[in-house]
>>> print(open('structure27.txt').read())   # compact mmCIF, C-alpha atoms and all ligand atoms
# COMPACT_ATOMS: atom_id res chain seq x y z
CA MET A 1 0.00 0.00 0.00
CA ASN A 2 1.33 3.45 -0.91
CA ILE A 3 0.58 6.36 1.39
CA LEU A 4 1.24 10.08 1.03
CA HIS A 5 1.50 12.29 4.14
CA THR A 6 1.17 16.07 3.88
CA SER A 7 -0.08 18.92 6.06
CA ASP A 8 -0.23 22.67 6.56
CA TRP A 9 -1.31 23.89 3.14
CA HIS A 10 -2.77 27.05 4.69
CA LEU A 11 -4.95 27.74 1.65
CA GLY A 12 -5.97 31.40 1.62
CA ARG A 13 -2.93 32.73 3.47
CA SER A 14 -1.37 35.99 2.36
CA LEU A 15 2.29 36.90 2.25
CA TYR A 16 2.44 40.60 3.12
CA GLY A 17 -0.83 41.33 1.41
CA ARG A 18 -0.37 39.03 -1.61
CA LYS A 19 -2.61 35.94 -1.89
CA ARG A 20 -0.83 32.90 -3.23
CA TYR A 21 -3.45 31.27 -5.44
CA GLU A 22 -1.01 30.58 -8.29
CA GLU A 23 1.20 28.63 -5.90
CA TRP A 24 -1.66 26.59 -4.42
CA THR A 25 -3.01 25.81 -7.84
CA ALA A 26 0.45 24.60 -8.90
CA LEU A 27 0.93 22.78 -5.58
CA LEU A 28 -2.35 20.87 -5.72
CA ASP A 29 -1.81 20.06 -9.36
CA PHE A 30 1.63 18.70 -8.51
CA LEU A 31 0.27 16.67 -5.57
CA ALA A 32 -2.48 15.17 -7.71
CA GLY A 33 0.18 14.23 -10.28
CA LEU A 34 2.37 12.71 -7.57
CA ILE A 35 -0.56 10.66 -6.31
CA GLU A 36 -1.10 9.25 -9.79
CA GLN A 37 2.61 8.75 -10.50
CA HIS A 38 3.29 6.83 -7.27
CA ALA A 39 -0.03 4.98 -7.35
CA ILE A 40 -0.96 6.35 -3.93
CA ASP A 41 -3.76 4.41 -2.23
CA LEU A 42 -4.14 6.62 0.82
CA LEU A 43 -3.61 10.36 1.23
CA LEU A 44 -3.24 11.80 4.73
CA VAL A 45 -3.71 15.55 5.23
CA CYS A 46 -2.78 16.47 8.80
CA GLY A 47 -4.46 19.78 9.43
CA ASP A 48 -4.24 23.47 8.58
CA ILE A 49 -5.90 22.85 5.24
CA PHE A 50 -7.06 26.45 5.33
CA ASP A 51 -5.35 29.41 6.90
CA THR A 52 -8.43 30.77 8.61
CA THR A 53 -11.68 29.52 10.07
CA LEU A 54 -13.59 31.31 7.34
CA PRO A 55 -11.66 30.61 4.11
CA GLY A 56 -12.64 32.46 0.97
CA ASN A 57 -14.57 30.84 -1.86
CA ARG A 58 -11.49 30.59 -4.02
CA ALA A 59 -9.55 28.68 -1.35
CA GLN A 60 -12.50 26.34 -0.89
CA GLU A 61 -12.82 25.83 -4.63
CA LEU A 62 -9.16 24.76 -4.83
CA TYR A 63 -9.71 22.29 -1.99
CA TYR A 64 -12.83 20.68 -3.46
CA ARG A 65 -11.45 20.57 -6.99
CA PHE A 66 -8.35 18.78 -5.69
CA LEU A 67 -10.42 16.26 -3.72
CA ARG A 68 -12.58 15.57 -6.79
CA ARG A 69 -9.49 14.95 -8.90
CA VAL A 70 -7.87 12.64 -6.32
CA ALA A 71 -11.10 10.73 -5.77
CA GLY A 72 -11.29 10.16 -9.50
CA SER A 73 -7.74 8.77 -9.61
CA GLY A 74 -6.64 5.39 -8.30
CA CYS A 75 -6.33 6.80 -4.77
CA ARG A 76 -8.92 4.88 -2.75
CA HIS A 77 -8.80 6.87 0.48
CA VAL A 78 -8.23 10.39 1.66
CA VAL A 79 -8.17 11.14 5.39
CA ILE A 80 -8.26 14.77 6.52
CA ILE A 81 -8.03 16.19 10.03
CA ALA A 82 -8.49 19.77 11.16
CA GLY A 83 -5.55 21.82 12.42
CA ASN A 84 -5.57 24.75 14.82
CA HIS A 85 -6.14 27.16 11.93
CA ASP A 86 -9.15 25.25 10.58
CA SER A 87 -12.74 25.59 11.62
CA PRO A 88 -13.75 22.08 12.77
CA SER A 89 -17.36 22.70 11.78
CA LEU A 90 -16.49 24.09 8.36
CA LEU A 91 -14.41 21.01 7.56
CA ASP A 92 -17.04 18.67 8.95
CA ALA A 93 -20.00 20.26 7.14
CA PRO A 94 -19.56 18.32 3.85
CA ARG A 95 -18.30 15.12 5.48
CA ASP A 96 -21.24 12.90 4.50
CA LEU A 97 -20.98 14.03 0.89
CA LEU A 98 -17.20 13.60 0.81
CA GLU A 99 -17.46 10.12 2.29
CA VAL A 100 -19.17 9.03 -0.92
CA LEU A 101 -15.91 9.98 -2.69
CA GLY A 102 -13.75 8.02 -0.25
CA VAL A 103 -12.73 11.18 1.57
CA ARG A 104 -12.99 10.96 5.36
CA VAL A 105 -12.90 14.17 7.38
CA CYS A 106 -12.40 14.55 11.14
CA GLY A 107 -12.82 18.22 11.99
CA ALA A 108 -14.09 18.35 15.56
CA ALA A 109 -12.95 16.20 18.47
CA ALA A 110 -15.26 13.25 19.10
CA THR A 111 -17.07 12.49 22.33
CA ASP A 112 -15.73 8.95 21.97
CA PRO A 113 -12.26 8.84 20.35
CA ALA A 114 -13.14 5.39 19.00
CA ASP A 115 -15.48 7.16 16.56
CA GLN A 116 -12.40 8.57 14.82
CA VAL A 117 -10.85 5.17 14.24
CA LEU A 118 -11.37 4.57 10.54
CA VAL A 119 -11.11 1.16 8.91
CA LEU A 120 -10.09 1.46 5.28
CA HIS A 121 -11.04 -1.33 2.87
CA ASP A 122 -9.42 -2.46 -0.34
CA ALA A 123 -11.32 -3.09 -3.57
CA SER A 124 -12.26 -6.59 -2.44
CA GLY A 125 -13.70 -5.30 0.83
CA GLN A 126 -10.81 -6.44 3.03
CA ALA A 127 -9.51 -4.10 5.72
CA GLU A 128 -6.16 -2.77 4.47
CA ALA A 129 -5.34 -0.08 7.03
CA ILE A 130 -6.66 1.45 10.24
CA VAL A 131 -6.33 5.18 10.81
CA CYS A 132 -6.83 7.05 14.09
CA ALA A 133 -7.80 10.42 12.63
CA VAL A 134 -7.41 12.63 15.69
CA PRO A 135 -7.89 16.31 14.82
CA TYR A 136 -6.28 19.22 16.63
CA LEU A 137 -7.50 18.93 20.21
CA ARG A 138 -8.44 22.18 21.85
CA ASP A 139 -8.08 22.65 25.56
CA ARG A 140 -11.84 22.41 26.01
CA ASP A 141 -11.90 19.13 24.08
CA VAL A 142 -9.68 17.31 26.55
CA ARG A 143 -9.97 19.12 29.86
CA GLN A 144 -12.75 20.04 32.25
CA SER A 145 -11.91 23.43 33.69
CA ASP A 146 -11.82 23.52 37.43
CA ALA A 147 -11.99 26.70 39.47
CA GLY A 148 -8.92 27.29 41.56
CA GLU A 149 -6.56 24.99 39.71
CA THR A 150 -2.99 26.19 39.26
CA PRO A 151 -1.50 26.66 35.78
CA GLU A 152 0.62 23.57 36.40
CA GLU A 153 -2.45 21.47 37.24
CA LYS A 154 -4.14 22.81 34.15
CA ASP A 155 -1.20 21.83 31.94
CA ARG A 156 -1.04 18.42 33.53
CA ARG A 157 -4.75 17.83 33.00
CA GLN A 158 -4.65 19.01 29.44
CA LEU A 159 -1.76 16.71 28.65
CA ALA A 160 -3.46 13.86 30.49
CA GLY A 161 -6.62 14.48 28.45
CA LEU A 162 -4.71 14.39 25.20
CA ARG A 163 -2.91 11.23 26.29
CA ALA A 164 -6.21 9.59 27.24
CA TYR A 165 -7.72 10.53 23.88
CA TYR A 166 -4.91 8.88 21.92
CA ALA A 167 -4.91 5.90 24.29
CA ALA A 168 -8.64 5.35 23.76
CA ALA A 169 -8.21 5.59 19.98
CA ALA A 170 -5.24 3.20 20.09
CA ALA A 171 -7.14 0.66 22.19
CA ALA A 172 -10.14 0.75 19.86
CA ALA A 173 -7.91 0.41 16.80
CA GLU A 174 -5.94 -2.47 18.26
CA GLN A 175 -9.17 -4.27 19.01
CA ILE A 176 -10.30 -3.85 15.42
CA ARG A 177 -6.93 -4.98 14.05
CA GLN A 178 -7.07 -8.24 16.03
CA GLY A 179 -3.46 -9.01 15.28
CA ARG A 180 -3.86 -8.79 11.49
CA ASP A 181 -0.82 -7.67 9.52
CA ILE A 182 -2.26 -4.32 8.41
CA PRO A 183 -0.82 -0.90 9.27
CA LEU A 184 -2.23 1.17 12.10
CA LEU A 185 -1.65 4.88 11.58
CA ALA A 186 -2.26 7.80 13.91
CA LEU A 187 -2.77 11.36 12.75
CA GLY A 188 -2.25 14.47 14.84
CA HIS A 189 -1.93 18.22 14.71
CA LEU A 190 0.15 19.21 17.71
CA PHE A 191 3.55 20.40 18.85
CA ALA A 192 5.52 17.33 19.88
CA ALA A 193 8.31 17.78 22.41
CA GLY A 194 11.62 18.10 20.61
CA GLY A 195 10.01 19.53 17.48
CA ARG A 196 11.83 22.27 15.60
CA THR A 197 10.56 25.61 14.32
CA ILE A 198 12.40 28.53 12.76
CA GLU A 199 11.87 32.27 12.77
CA GLY A 200 9.40 33.34 10.13
CA ASP A 201 7.87 29.94 9.35
CA GLY A 202 4.50 30.94 10.77
CA VAL A 203 4.49 28.53 13.71
CA ARG A 204 6.68 30.05 16.38
CA GLU A 205 4.15 32.57 17.56
CA LEU A 206 1.64 29.78 18.14
CA SER A 207 3.68 27.69 20.54
CA VAL A 208 1.63 28.77 23.50
CA GLY A 209 0.66 26.55 26.39
CA MET A 210 1.41 22.96 27.04
CA LEU A 211 0.69 21.67 23.57
CA GLY A 212 4.36 22.36 22.86
CA GLN A 213 5.20 19.64 25.34
CA VAL A 214 3.49 16.56 23.99
CA GLY A 215 5.85 13.69 24.78
CA LEU A 216 6.28 10.88 22.28
CA ASP A 217 4.93 8.41 24.85
CA VAL A 218 1.49 9.79 23.96
CA PHE A 219 1.71 7.68 20.80
CA ALA A 220 1.23 4.05 21.80
CA ASP A 221 3.61 1.45 20.35
CA VAL A 222 0.70 -0.10 18.47
CA PHE A 223 0.87 2.78 15.98
CA ASP A 224 3.08 1.80 13.07
CA TYR A 225 3.34 5.42 11.94
CA VAL A 226 2.33 8.77 13.36
CA ALA A 227 1.65 11.42 10.70
CA LEU A 228 1.82 14.89 12.21
CA GLY A 229 1.01 18.40 11.13
CA HIS A 230 1.48 21.80 12.81
CA LEU A 231 5.25 22.30 12.53
CA HIS A 232 6.18 23.66 9.13
CA GLN A 233 9.65 22.14 8.93
CA ALA A 234 9.71 18.53 7.73
CA GLN A 235 11.24 16.43 10.46
CA ILE A 236 11.54 13.04 12.06
CA VAL A 237 10.72 13.38 15.73
CA ASP A 238 11.73 10.00 17.18
CA ALA A 239 14.84 7.86 16.80
CA ALA A 240 12.98 5.09 14.99
CA GLY A 241 11.49 7.40 12.34
CA ARG A 242 7.96 6.36 13.32
CA VAL A 243 6.77 9.88 14.20
CA ARG A 244 7.13 12.50 11.48
CA TYR A 245 6.13 15.96 10.39
CA SER A 246 5.78 16.33 6.65
CA GLY A 247 6.07 20.12 7.06
CA SER A 248 4.25 22.59 4.88
CA PRO A 249 4.65 21.90 1.14
CA ILE A 250 5.32 25.56 0.32
CA PRO A 251 7.45 28.02 2.33
CA MET A 252 5.24 29.98 4.67
CA GLY A 253 7.40 33.08 4.86
CA PHE A 254 10.75 34.66 4.09
CA GLY A 255 12.28 32.80 7.04
CA GLU A 256 12.02 29.75 4.80
CA ALA A 257 13.27 31.43 1.63
CA GLY A 258 15.36 28.96 -0.32
CA HIS A 259 14.30 25.97 1.80
CA VAL A 260 13.25 22.81 0.00
CA LYS A 261 9.84 21.64 1.24
CA HIS A 262 8.57 18.05 1.35
CA VAL A 263 5.79 15.53 1.47
CA VAL A 264 6.33 12.03 2.88
CA LEU A 265 5.84 8.90 0.79
CA LEU A 266 5.25 5.68 2.72
CA ARG A 267 5.28 2.20 1.30
CA SER A 268 3.70 -0.35 3.56
CA SER A 269 4.08 -4.07 3.48
CA GLY A 270 1.71 -5.16 6.20
CA ARG A 271 2.76 -3.41 9.40
CA HIS A 272 6.16 -2.52 8.03
CA LEU A 273 6.38 0.99 6.61
CA ALA A 274 9.27 2.58 4.73
CA ALA A 275 9.13 6.39 4.67
CA GLU A 276 10.83 8.69 2.23
CA ALA A 277 10.70 12.49 2.09
CA ILE A 278 9.88 13.67 -1.43
CA PRO A 279 11.23 17.16 -2.22
CA MET A 280 8.72 19.60 -3.62
CA PRO A 281 9.45 21.90 -6.53
CA CYS A 282 9.66 25.60 -5.80
CA PHE A 283 6.43 27.08 -7.16
CA GLN A 284 7.32 30.67 -6.31
CA GLU A 285 10.82 31.78 -5.43
CA LEU A 286 11.12 33.83 -2.23
CA LEU A 287 14.30 35.80 -1.82
CA SER A 288 15.54 37.81 1.13
CA LEU A 289 18.15 40.46 0.23
CA SER A 290 20.03 42.42 2.85
CA GLY A 291 22.79 45.01 2.73
CA ASP A 292 23.43 48.71 2.39
CA LEU A 293 21.77 50.70 -0.39
CA ASP A 294 24.40 50.04 -3.07
CA GLU A 295 24.41 46.32 -2.32
CA LEU A 296 20.63 46.15 -2.41
CA LEU A 297 20.31 48.05 -5.67
CA ALA A 298 23.03 45.90 -7.27
CA ALA A 299 21.35 42.70 -6.09
CA ILE A 300 17.98 43.84 -7.43
CA HIS A 301 19.46 44.75 -10.83
CA GLU A 302 21.23 41.39 -10.92
CA GLN A 303 17.94 39.56 -10.26
CA ALA A 304 16.11 41.71 -12.80
CA SER A 305 18.71 41.03 -15.50
CA GLN A 306 18.18 37.29 -14.97
CA HIS A 307 14.42 37.80 -15.49
CA SER A 308 13.81 36.53 -11.97
CA ARG A 309 10.15 36.38 -10.91
CA ALA A 310 11.11 36.18 -7.22
CA TRP A 311 9.16 37.80 -4.44
CA LEU A 312 11.59 39.90 -2.47
CA GLU A 313 12.11 40.80 1.13
CA ILE A 314 14.50 43.75 1.35
CA VAL A 315 16.36 44.30 4.59
CA TYR A 316 18.32 47.55 4.61
CA THR A 317 21.19 47.30 7.09
CA GLY A 318 23.27 50.34 6.09
CA ALA A 319 24.46 52.86 8.68
CA ALA A 320 23.02 55.94 6.95
CA LEU A 321 19.35 56.80 7.30
CA VAL A 322 17.65 56.53 3.90
CA SER A 323 14.24 58.12 4.13
CA ASP A 324 13.21 57.37 0.53
CA LEU A 325 14.32 53.74 0.69
CA LYS A 326 10.97 52.42 -0.54
CA ASP A 327 11.00 54.70 -3.60
CA GLN A 328 14.57 53.77 -4.48
CA ILE A 329 13.92 50.04 -4.12
CA GLU A 330 10.72 50.21 -6.15
CA ALA A 331 12.41 52.21 -8.87
CA ALA A 332 15.19 49.60 -9.10
CA ALA A 333 12.64 46.81 -9.49
CA ALA A 334 10.43 48.70 -11.95
CA ASP A 335 10.17 47.14 -15.41
CA SER A 336 11.22 43.77 -13.97
CA GLU A 337 9.16 40.73 -13.04
CA LEU A 338 10.28 40.99 -9.42
CA GLU A 339 7.71 41.71 -6.74
CA ILE A 340 8.74 43.60 -3.63
CA ARG A 341 6.74 42.10 -0.79
CA ARG A 342 8.46 43.61 2.22
CA ILE A 343 10.97 46.34 3.00
CA VAL A 344 12.63 46.48 6.40
CA ASN A 345 14.47 49.72 7.13
CA ARG A 346 16.67 48.56 9.99
CA PRO A 347 18.24 51.92 11.03
CA VAL A 348 14.85 53.61 11.19
CA ILE A 349 13.35 50.80 13.25
CA ASP A 350 16.38 50.66 15.51
CA GLY A 351 16.20 54.39 16.01
CA ILE A 352 12.61 54.18 17.17
CA MET A 353 13.41 51.27 19.43
CA ALA A 354 16.41 53.09 20.93
CA ARG A 355 14.16 55.98 21.88
CA MET A 356 12.00 53.42 23.67
CA ASP A 357 15.12 52.20 25.48
CA GLU A 358 14.64 48.86 23.78
CA ARG A 359 17.05 47.51 21.22
CA GLU A 360 14.51 44.99 20.09
CA VAL A 361 11.82 44.57 17.53
CA LEU A 362 8.47 43.67 19.00
CA ALA A 363 8.07 40.86 16.48
CA ASP A 364 11.22 39.23 17.86
CA LEU A 365 9.71 38.91 21.31
CA ASP A 366 7.65 36.01 22.52
CA VAL A 367 4.13 37.02 23.65
CA ALA A 368 4.93 35.71 27.12
CA VAL A 369 8.01 37.93 27.36
CA VAL A 370 5.99 40.98 26.37
CA PHE A 371 3.47 40.19 29.09
CA GLU A 372 6.23 39.82 31.68
CA ARG A 373 7.43 43.29 30.76
CA CYS A 374 3.91 44.64 31.17
CA LEU A 375 3.81 43.13 34.65
CA ASP A 376 7.12 44.79 35.46
CA ALA A 377 6.06 48.11 33.94
CA ALA A 378 2.86 48.12 36.00
CA ALA A 379 4.78 47.07 39.13
CA ILE A 380 2.47 44.14 39.80
CA ALA A 381 3.21 42.41 43.12
CA PRO A 382 4.83 38.96 42.78
CA ASP A 383 1.96 37.14 44.48
CA GLU A 384 -0.56 38.56 42.03
CA ARG A 385 1.39 37.49 38.98
CA PRO A 386 0.59 33.75 38.67
CA ASP A 387 -3.15 34.36 38.28
CA LEU A 388 -2.57 37.14 35.76
CA ARG A 389 -0.14 35.00 33.76
CA ASP A 390 -2.63 32.18 33.72
CA ALA A 391 -5.47 34.43 32.58
CA TYR A 392 -3.26 35.92 29.88
CA ARG A 393 -2.17 32.53 28.62
CA THR A 394 -5.78 31.33 28.49
CA LEU A 395 -6.68 34.42 26.48
CA VAL A 396 -3.81 33.97 24.04
CA GLN A 397 -4.70 30.34 23.57
CA ALA A 398 -8.37 31.20 23.05
CA LEU A 399 -7.30 33.76 20.47
CA MET A 400 -5.21 31.19 18.59
CA GLU A 401 -8.10 28.78 18.65
CA ALA A 402 -10.76 31.37 17.89
CA ASP A 403 -13.50 29.82 15.87
CA VAL A 404 -16.13 32.45 16.34
CA HIS A 405 -17.03 33.04 12.72
CA ALA A 406 -17.94 29.55 11.77
CA GLU A 407 -19.87 28.27 14.74
MN MN B 501 0.23 25.20 10.23
>>> encode(input="structure27.txt", output="structure tokens", more="lines below")
Ligand SMILES: [Mn+2]
Amino acid sequence: MNILHTSDWHLGRSLYGRKRYEEWTALLDFLAGLIEQHAIDLLLVCGDIFDTTLPGNRAQELYYRFLRRVAGSGCRHVVIIAGNHDSPSLLDAPRDLLEVLGVRVCGAAATDPADQVLVLHDASGQAEAIVCAVPYLRDRDVRQSDAGETPEEKDRRQLAGLRAYYAAAAAAAEQIRQGRDIPLLALGHLFAAGGRTIEGDGVRELSVGMLGQVGLDVFADVFDYVALGHLHQAQIVDAAGRVRYSGSPIPMGFGEAGHVKHVVLLRSSGRHLAAEAIPMPCFQELLSLSGDLDELLAAIHEQASQHSRAWLEIVYTGAALVSDLKDQIEAAAADSELEIRRIVNRPVIDGIMARMDEREVLADLDVAVVFERCLDAAAIAPDERPDLRDAYRTLVQALMEADVHAE
């Protein structure tokens, strides 16, 4: 059986004001081709299908068109879970219709995790794989809030709830498998302990709360493979290569400029799975240029002369203040196919920050660090701080998980 693992498409996301429909169209076209070329039987999409809980019509059209194409190919099964960016109810709404096409969707957490254990059948009606399609689990999905609990107790309960959810799914799946030599796969959208993120990949700012601390022991040994989403860098999390992130298939920001992205191809022979990261083509070049004004202008002219279609991030690092930097950069790129997406005028920013007695850029600071500084600035007494920190963290987490539009 051939399986393809991908995640974090973030359909509908903008890069500094520019929607990326051309890239998603090319991406989904490429994936559909890959599915045909490698005779994929099962496609796993591990969350963050869409970038927001209320994706635009065009993003939804891309999604449904892709599913229709895959369903019409030799790919028998598609399993999709919601990520933290997705609206569970929006993904779940067409689930009965999609099931007719062999597409199984798990958007919201289930009351009984066993309900998300899917048995996939081959053409002759034999079970060929079992999938625990566990979507992103929100705090309220796995934990009963209890007045007066400490933040540590809350973390512990949340983690225990998540562990219990996976354990219940694993137990139900193992019972269904009954020792047969068919693969048992778990899906997840979470931040596993030891996972890696980089600046500017669109994940770092979300690592709030205990979901960054999910230990690998959450995934029972009965799982032959754990397909994860949420982190945008492709990576193997455990020593055995059983737990993996496919990473996002396109770079999410300039922090990933020049990075090669991946999907994971798995070939199963019974319970044995061999995984291989497949590099993705670059659908849209992202380029970050930094230097003083002469260096920047030379680099832009160089790119233009090569007919580059890159999207550029320009970071001016010269010592002199250049007040018309934007005009000069735009003039240099005029009549080329380059697109300037972002201009960072370092001396100007640093000057503002210096006047604030801070040699930092707000975007470089973790939200928790900013809150600590607010506590200091307001001279909050030490014994009042734990409750305030807890309330703040709850708010930030609620914000990240906000699903108000779709429910
Ligand atoms: Mn994501």
>>> residues_near_ligand(input="structure27.txt", ligand="ligand MN 501 (chain B)", cutoff="7 Å", atoms="only C-alpha atoms and all ligand atoms", output="VMD selection string")
chain A and resid 8 10 48 85 203 229 to 232
>>> atom_distance(input="structure27.txt", atom1="atom CA of A:Leu54", atom2="atom CA of A:Ala26")
22.5 Å
>>> residues_around(input="structure27.txt", residues="stretch 15-24 of chain A", least_positions_apart="4", cutoff="8 Å", atoms="all atoms listed in the file", output="PyMOL selection string")
chain A and resi 11+28+59+62+252-253+283-284+341-342
>>> residues_near_point(input="structure27.txt", point="(18.1, 50.6, 4.6)", cutoff="10 Å", atoms="only C-alpha atoms", output="list of chain:residue names")
A:Ser290, A:Gly291, A:Asp292, A:Leu293, A:Asp294, A:Leu296, A:Ile314, A:Val315, A:Tyr316, A:Thr317, A:Gly318, A:Ala319, A:Ala320, A:Leu321, A:Val322, A:Ser323, A:Asp324, A:Leu325, A:Lys326, A:Ile329, A:Ile343, A:Val344, A:Asn345, A:Arg346, A:Pro347, A:Val348, A:Ile349
>>> atom_distance(input="structure27.txt", atom1="atom CA of A:Ala133", atom2="atom CA of A:Gln116")
5.4 Å
>>> residues_around(input="structure27.txt", residues="stretch 77-80 of chain A", least_positions_apart="4", cutoff="10 Å", atoms="only C-alpha atoms", output="PDB file with C-alpha atoms, in the coordinates of the input")
ATOM      1  CA  ILE A   3       0.580   6.360   1.390  1.00  0.00           C
ATOM      2  CA  LEU A   4       1.240  10.080   1.030  1.00  0.00           C
ATOM      3  CA  HIS A   5       1.500  12.290   4.140  1.00  0.00           C
ATOM      4  CA  THR A   6       1.170  16.070   3.880  1.00  0.00           C
ATOM      5  CA  SER A   7      -0.080  18.920   6.060  1.00  0.00           C
ATOM      6  CA  ILE A  40      -0.960   6.350  -3.930  1.00  0.00           C
ATOM      7  CA  ASP A  41      -3.760   4.410  -2.230  1.00  0.00           C
ATOM      8  CA  LEU A  42      -4.140   6.620   0.820  1.00  0.00           C
ATOM      9  CA  LEU A  43      -3.610  10.360   1.230  1.00  0.00           C
ATOM     10  CA  LEU A  44      -3.240  11.800   4.730  1.00  0.00           C
ATOM     11  CA  VAL A  45      -3.710  15.550   5.230  1.00  0.00           C
ATOM     12  CA  CYS A  46      -2.780  16.470   8.800  1.00  0.00           C
ATOM     13  CA  GLY A  47      -4.460  19.780   9.430  1.00  0.00           C
ATOM     14  CA  ASP A  48      -4.240  23.470   8.580  1.00  0.00           C
ATOM     15  CA  ILE A  49      -5.900  22.850   5.240  1.00  0.00           C
ATOM     16  CA  LEU A  67     -10.420  16.260  -3.720  1.00  0.00           C
ATOM     17  CA  VAL A  70      -7.870  12.640  -6.320  1.00  0.00           C
ATOM     18  CA  ALA A  71     -11.100  10.730  -5.770  1.00  0.00           C
ATOM     19  CA  LEU A  91     -14.410  21.010   7.560  1.00  0.00           C
ATOM     20  CA  ASP A  92     -17.040  18.670   8.950  1.00  0.00           C
ATOM     21  CA  LEU A  98     -17.200  13.600   0.810  1.00  0.00           C
ATOM     22  CA  GLU A  99     -17.460  10.120   2.290  1.00  0.00           C
ATOM     23  CA  LEU A 101     -15.910   9.980  -2.690  1.00  0.00           C
ATOM     24  CA  GLY A 102     -13.750   8.020  -0.250  1.00  0.00           C
ATOM     25  CA  VAL A 103     -12.730  11.180   1.570  1.00  0.00           C
ATOM     26  CA  ARG A 104     -12.990  10.960   5.360  1.00  0.00           C
ATOM     27  CA  VAL A 105     -12.900  14.170   7.380  1.00  0.00           C
ATOM     28  CA  CYS A 106     -12.400  14.550  11.140  1.00  0.00           C
ATOM     29  CA  GLY A 107     -12.820  18.220  11.990  1.00  0.00           C
ATOM     30  CA  LEU A 118     -11.370   4.570  10.540  1.00  0.00           C
ATOM     31  CA  LEU A 120     -10.090   1.460   5.280  1.00  0.00           C
ATOM     32  CA  HIS A 121     -11.040  -1.330   2.870  1.00  0.00           C
ATOM     33  CA  ASP A 122      -9.420  -2.460  -0.340  1.00  0.00           C
ATOM     34  CA  VAL A 131      -6.330   5.180  10.810  1.00  0.00           C
ATOM     35  CA  CYS A 132      -6.830   7.050  14.090  1.00  0.00           C
ATOM     36  CA  ALA A 133      -7.800  10.420  12.630  1.00  0.00           C
ATOM     37  CA  VAL A 134      -7.410  12.630  15.690  1.00  0.00           C
ATOM     38  CA  PRO A 135      -7.890  16.310  14.820  1.00  0.00           C
ATOM     39  CA  LEU A 187      -2.770  11.360  12.750  1.00  0.00           C
TER      40      LEU A 187
END
>>> residues_near_point(input="structure27.txt", point="(6.6, 24.6, 8.3)", cutoff="12 Å", atoms="all atoms listed in the file", output="compact mmCIF listing (two decimals) with C-alpha atoms, in the coordinates of the input")
# COMPACT_ATOMS: atom_id res chain seq x y z
CA THR A 6 1.17 16.07 3.88
CA SER A 7 -0.08 18.92 6.06
CA ASP A 8 -0.23 22.67 6.56
CA TRP A 9 -1.31 23.89 3.14
CA HIS A 10 -2.77 27.05 4.69
CA ASP A 48 -4.24 23.47 8.58
CA PHE A 191 3.55 20.40 18.85
CA GLY A 195 10.01 19.53 17.48
CA ARG A 196 11.83 22.27 15.60
CA THR A 197 10.56 25.61 14.32
CA ILE A 198 12.40 28.53 12.76
CA GLU A 199 11.87 32.27 12.77
CA GLY A 200 9.40 33.34 10.13
CA ASP A 201 7.87 29.94 9.35
CA GLY A 202 4.50 30.94 10.77
CA VAL A 203 4.49 28.53 13.71
CA ARG A 204 6.68 30.05 16.38
CA LEU A 228 1.82 14.89 12.21
CA GLY A 229 1.01 18.40 11.13
CA HIS A 230 1.48 21.80 12.81
CA LEU A 231 5.25 22.30 12.53
CA HIS A 232 6.18 23.66 9.13
CA GLN A 233 9.65 22.14 8.93
CA ALA A 234 9.71 18.53 7.73
CA GLN A 235 11.24 16.43 10.46
CA TYR A 245 6.13 15.96 10.39
CA SER A 246 5.78 16.33 6.65
CA GLY A 247 6.07 20.12 7.06
CA SER A 248 4.25 22.59 4.88
CA PRO A 249 4.65 21.90 1.14
CA ILE A 250 5.32 25.56 0.32
CA PRO A 251 7.45 28.02 2.33
CA MET A 252 5.24 29.98 4.67
CA GLY A 253 7.40 33.08 4.86
CA PHE A 254 10.75 34.66 4.09
CA GLY A 255 12.28 32.80 7.04
CA GLU A 256 12.02 29.75 4.80
CA ALA A 257 13.27 31.43 1.63
CA HIS A 259 14.30 25.97 1.80
CA VAL A 260 13.25 22.81 0.00
CA LYS A 261 9.84 21.64 1.24
CA HIS A 262 8.57 18.05 1.35
CA VAL A 263 5.79 15.53 1.47
>>> closest_residue(input="structure27.txt", among="A:Asp141, A:Asp224, A:Glu128, A:Glu384", to="A:Ile182", atoms="all atoms listed in the file")
A:Glu128
>>> atom_distance(input="structure27.txt", atom1="atom CA of A:Lys154", atom2="atom CA of A:Val237")
25.5 Å
>>> residues_around(input="structure27.txt", residues="stretch 304-309 of chain A", least_positions_apart="6", cutoff="9 Å", atoms="all atoms listed in the file", output="PyMOL selection string")
chain A and resi 284-285+332-333+335-339
>>> write_last_selection(input="structure27.txt", atoms="C-alpha atoms", output="tab-separated table (two decimals), in the frame of the given file")
chain	number	residue	atom	x	y	z
A	284	GLN	CA	7.32	30.67	-6.31
A	285	GLU	CA	10.82	31.78	-5.43
A	332	ALA	CA	15.19	49.60	-9.10
A	333	ALA	CA	12.64	46.81	-9.49
A	335	ASP	CA	10.17	47.14	-15.41
A	336	SER	CA	11.22	43.77	-13.97
A	337	GLU	CA	9.16	40.73	-13.04
A	338	LEU	CA	10.28	40.99	-9.42
A	339	GLU	CA	7.71	41.71	-6.74
>>> closest_residue(input="structure27.txt", among="A:Phe66, A:Tyr166, A:Phe219, A:Tyr225", to="A:His272", atoms="all atoms listed in the file")
A:Tyr225
>>> closest_residue(input="structure27.txt", among="A:Ala379, A:Val222, A:Ala109, A:Val214", to="A:Arg140", atoms="all atoms listed in the file")
A:Ala109
